[in-house]
Amino acid sequence: MEKINKILLIARLIFCYSSKILLKAIKVANTKSAKKRILIAERNRQSNKTYKSTVKTLIKKTITYCENYKKDPSPDNEKLVKETLNKSYSLIDKAVKKNVLHKNNGANKKSRINNLVKITLKD
């Protein structure tokens, strides 16, 4: 029951937030196309935000799995490190493709986690 209440509360907050954006768009913009562009920009901002946060989460998971592998170098931990590395590479490439991240930023992120994994698996 608590989960349902939390979900409803989040849905209300999102609706209120989007209503505020709509009101802001109506107050600021003079033309219909300008109002539409404000709404589109907000929608894109939110989708970019989710993409960036998932990239950060996967990078953090890769780092924690590397630390776990250093403590206990088992084949299971090695498999987890490699899987998260592949997932994070894939997601970073998709983010670059969709212009959520700049290509150099994506390359730097990939290089950073690759060097970490390389050092971890080498030992």
# chains A, B, ... in the order shown; residues from 1 in each chain; ligands from 1
>>> residues_around(residues="A:Glu67", least_positions_apart="6", cutoff="10 Å", atoms="only C-alpha atoms", output="ChimeraX atom specification")
/A:61,73,77,81,116-117,120
>>> residues_around(residues="A:Tyr69", least_positions_apart="4", cutoff="12 Å", atoms="only C-alpha atoms", output="list in words")
Thr62, Ile63, Thr64, Tyr65, Pro73, Ser74, Pro75, Asp76, Asn77, Glu78, Lys79, Leu80, Val81, Lys82, Leu116, Val117, Lys118, Ile119, Thr120, Leu121, Lys122 and Asp123 of chain A
>>> closest_atom_pairs(of="stretch 77-116 of chain A", to="stretch 43-52 of chain A", cutoff="8 Å", atoms="only C-alpha atoms", output="tab-separated table")
residue	atom	partner	partner_atom	distance
A:Ala95	CA	A:Tyr51	CA	6.9
A:Val100	CA	A:Asn48	CA	5.7
A:Leu101	CA	A:Lys52	CA	7.9
>>> atom_distance(atom1="atom CA of A:Asn99", atom2="atom CA of A:Arg112")
20.0 Å
>>> residues_around(residues="A:Ala107", least_positions_apart="3", cutoff="12 Å", atoms="only C-alpha atoms", output="MDAnalysis selection string")
chainID A and resid 88:90 92:93 95:96 101:104 110:114
>>> atom_distance(atom1="atom CA of A:Lys97", atom2="atom CA of A:Lys109")
14.6 Å
